[in-house]
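**Student:** First the structure, then my questions, so here it is.
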Amino acid sequence: MEKTTVTHGTFVIERSYAATPERVFAAFQDPAKKRRWFIEGRNNEAETFEMDFRVGGTERSSYQMGPNSPFPGTVISNETKYMDIVPNRRIVIAYTMSMGERRFSSSQATFELVPSEKGTDLTFTEQGAYFEGSDGAERREAGWRQLLEHLDKGIAVA
Amino acid sequence: MAHRKIHVDRVFHALGDPTRRALVERLSEGPISVSLLAKPLAITLAAVVQHLQVLEKSGLVRTEKLGRVRTCRIETGGLSVAEQWIEDRRATWEKRLDRLGDLLEEE
C-alpha cells in the first residue's frame, strides 16, 4: 500500500468591498453571479458548475486542464458542501479537490461578512488537510536516495 | 530554478565527503536532534556540528534550536512542495475574491 501523508495548513484572506453585506451575500447565493467570480475566466474544456445553496446542499464544479498545463486533459474537480449559512453574515463550507479520481485536499472554509463604513469587510479562512501527492515528501526522499546512489557510483568509478 | 544552479558547486563540495553523505542519508529518513545524529558516528559532536555547518551553507540541511535541543532536517530549497501548494490555493482564492470585488463594482 502506498504510504499516506497529511499536511495541515491554515490561511486567512481579508477583503473590503464597497457593497452592502446583502449584495455580497447575493453574489454567493445566486448561481449565475457565483459562477462569474468563482470559476476562473479561462477557456477550459468541459467546464461544469452546479450548486444548491442551502445547509447540507452540494456544489460541484470541474474543468479539464488545458494543453499548456502540466497534465493536459486531466479533470480537476471541486465538491463543496454548505455547512452553515447565516444570511448576510456567514457562510461555512467543507470542500474536497480532486485530480482525476484522486482527492488531494479536504478543507473547511469560512466567509465572514461584517458591515463597514465602506460596505463590507470579508474575512476568508481556510483550514485544510493536504494529502500525499500535494506534499511530495516521498518523491523528495526517493530523489535524495537516487542522488546519493548516483554519487556513490560516480565516486566508485572515479 | 536559476538560484538552485548557483548552489550546485557548494552542494557537490558538501556531498563530496563520506561523513556528510552519511549525515544526509540519515536525515532523509526524517528530522533528528544533532546529538542523536552524532551518536552512531565515530567522530566528535564538534566535528558533526562542523559538517552540518557545511551542509547548511550549501542549502541541503536546516538546523533549528527548540529549547535546549538542536534539531536538523533536510532542506528542500525554500518552501516545501506542500507549502507551495497551500500558497497556490491561497492565490486561487485571492483571485476569486478580487473577481467578486469586480463583479460588485459592475453591478
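Just remember, in the C-alpha cells the first chain shown is A, the second B, etc., residues are 1-based per chain, and ligands are 1-based in the order shown.
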For segment 23-40 of chain B, list every protein, DNA or RNA residue within 9 Å, evaluated using only C-alpha atoms, and leave out those in the same chain fewer than 4 positions away; present the list as a PyMOL selection string.

**Tutor:** (chain A and resi 140-141+144-145+148) or (chain B and resi 15+18-19+44-45+47-49+51-52+55+60-61+63+69-74)

**Student:** Taking into account only C-alpha atoms, which residue in the set A:Gln64, A:Asn78, A:Thr10, A:Thr4 is nearest to chain B?

**Tutor:**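 Looking only at the distances to chain B, the closest residue turns out to be A:Thr10.
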
**Student:** For chain B, list the residues within 10 Å of chain A, counting only C-alpha atoms, and write the list as JSON, numbers by chain.

**Tutor:** {"B": [12, 15, 16, 18, 21, 22, 24, 25, 27, 28, 29, 30, 74, 76, 80, 81, 82, 83, 84, 85, 86, 87, 89, 90, 91, 92, 93, 94, 95, 96, 97, 98, 99, 100, 101, 102, 103, 104, 105, 107]}

**Student:** Could you tell me, as a count of residues only, which residues of chain B DSSP assigns to strand (DSSP E or B) when given the backbone?

**Tutor:** 14

**Student:** Determine which residues of chain B receive a DSSP assignment of alpha helix (DSSP H), computed from the backbone, and state them as a compact mmCIF listing (two decimals) with C-alpha atoms, in the first residue's frame.

**Tutor:**
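Printed below is result.txt as written:
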```
# COMPACT_ATOMS: atom_id res chain seq x y z
CA ALA B 2 18.20 29.67 -11.57
CA HIS B 3 19.00 30.20 -7.90
CA ARG B 4 19.40 26.45 -7.44
CA LYS B 5 22.18 26.29 -10.05
CA ILE B 6 24.25 28.79 -8.09
CA VAL B 8 25.46 23.29 -7.32
CA ASP B 9 29.18 23.73 -6.62
CA ARG B 10 28.56 24.06 -2.89
CA VAL B 11 26.22 21.08 -2.98
CA PHE B 12 28.79 18.87 -4.67
CA HIS B 13 31.50 20.06 -2.32
CA ALA B 14 29.22 19.30 0.62
CA LEU B 15 28.36 15.83 -0.68
CA PRO B 18 31.56 10.43 3.01
CA THR B 19 30.64 11.59 6.54
CA ARG B 20 28.43 14.35 5.19
CA ARG B 21 26.80 11.89 2.78
CA ALA B 22 26.06 9.61 5.74
CA LEU B 23 24.52 12.55 7.60
CA VAL B 24 22.31 13.46 4.63
CA GLU B 25 21.28 9.84 4.18
CA ARG B 26 20.23 9.65 7.82
CA LEU B 27 18.37 12.98 7.59
CA VAL B 34 22.17 16.76 16.49
CA SER B 35 23.25 14.58 19.44
CA LEU B 36 21.26 11.57 18.16
CA LEU B 37 22.63 12.17 14.68
CA ALA B 38 26.20 12.12 16.04
CA LEU B 45 29.98 16.13 18.32
CA ALA B 46 32.04 19.20 17.39
CA ALA B 47 33.06 17.54 14.11
CA VAL B 48 29.43 16.70 13.35
CA VAL B 49 28.45 20.31 14.01
CA GLN B 50 31.17 21.45 11.57
CA HIS B 51 29.90 19.07 8.89
CA LEU B 52 26.36 20.30 9.49
CA GLN B 53 27.53 23.89 9.00
CA VAL B 54 28.89 22.96 5.57
CA LEU B 55 25.62 21.22 4.69
CA GLU B 56 23.61 24.19 5.98
CA LYS B 57 25.64 26.66 3.87
CA VAL B 81 6.06 21.35 -2.02
CA ALA B 82 3.11 21.30 0.39
CA GLU B 83 3.70 24.90 1.42
CA GLN B 84 3.89 25.93 -2.23
CA TRP B 85 0.66 24.08 -2.79
CA ILE B 86 -1.07 25.92 0.07
CA GLU B 87 0.25 29.18 -1.42
CA ASP B 88 -1.30 28.19 -4.77
CA ARG B 89 -4.61 27.58 -3.02
CA ARG B 90 -4.39 30.98 -1.35
CA ALA B 91 -3.63 32.63 -4.71
CA THR B 92 -6.69 30.91 -6.25
CA TRP B 93 -8.97 32.29 -3.51
CA GLU B 94 -7.37 35.74 -3.69
CA LYS B 95 -8.14 35.87 -7.42
CA ARG B 96 -11.70 34.69 -6.79
CA LEU B 97 -12.33 37.31 -4.11
CA ASP B 98 -10.85 40.01 -6.38
CA ARG B 99 -13.24 38.91 -9.15
CA LEU B 100 -16.07 39.10 -6.61
CA GLY B 101 -15.00 42.71 -5.94
CA ASP B 102 -15.02 43.45 -9.71
CA LEU B 103 -18.50 41.93 -10.01
CA LEU B 104 -19.83 44.03 -7.11
CA GLU B 105 -18.41 47.21 -8.70
CA GLU B 106 -20.00 46.43 -12.06
```

**Student:** Here is a test: counting only C-alpha atoms, which residue of A:Lys118, A:Leu113, A:Thr5, A:Pro67 is nearest to Val86 of chain A?

**Tutor:**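 Looking only at the distances to Val86 of chain A, the closest residue turns out to be A:Leu113.
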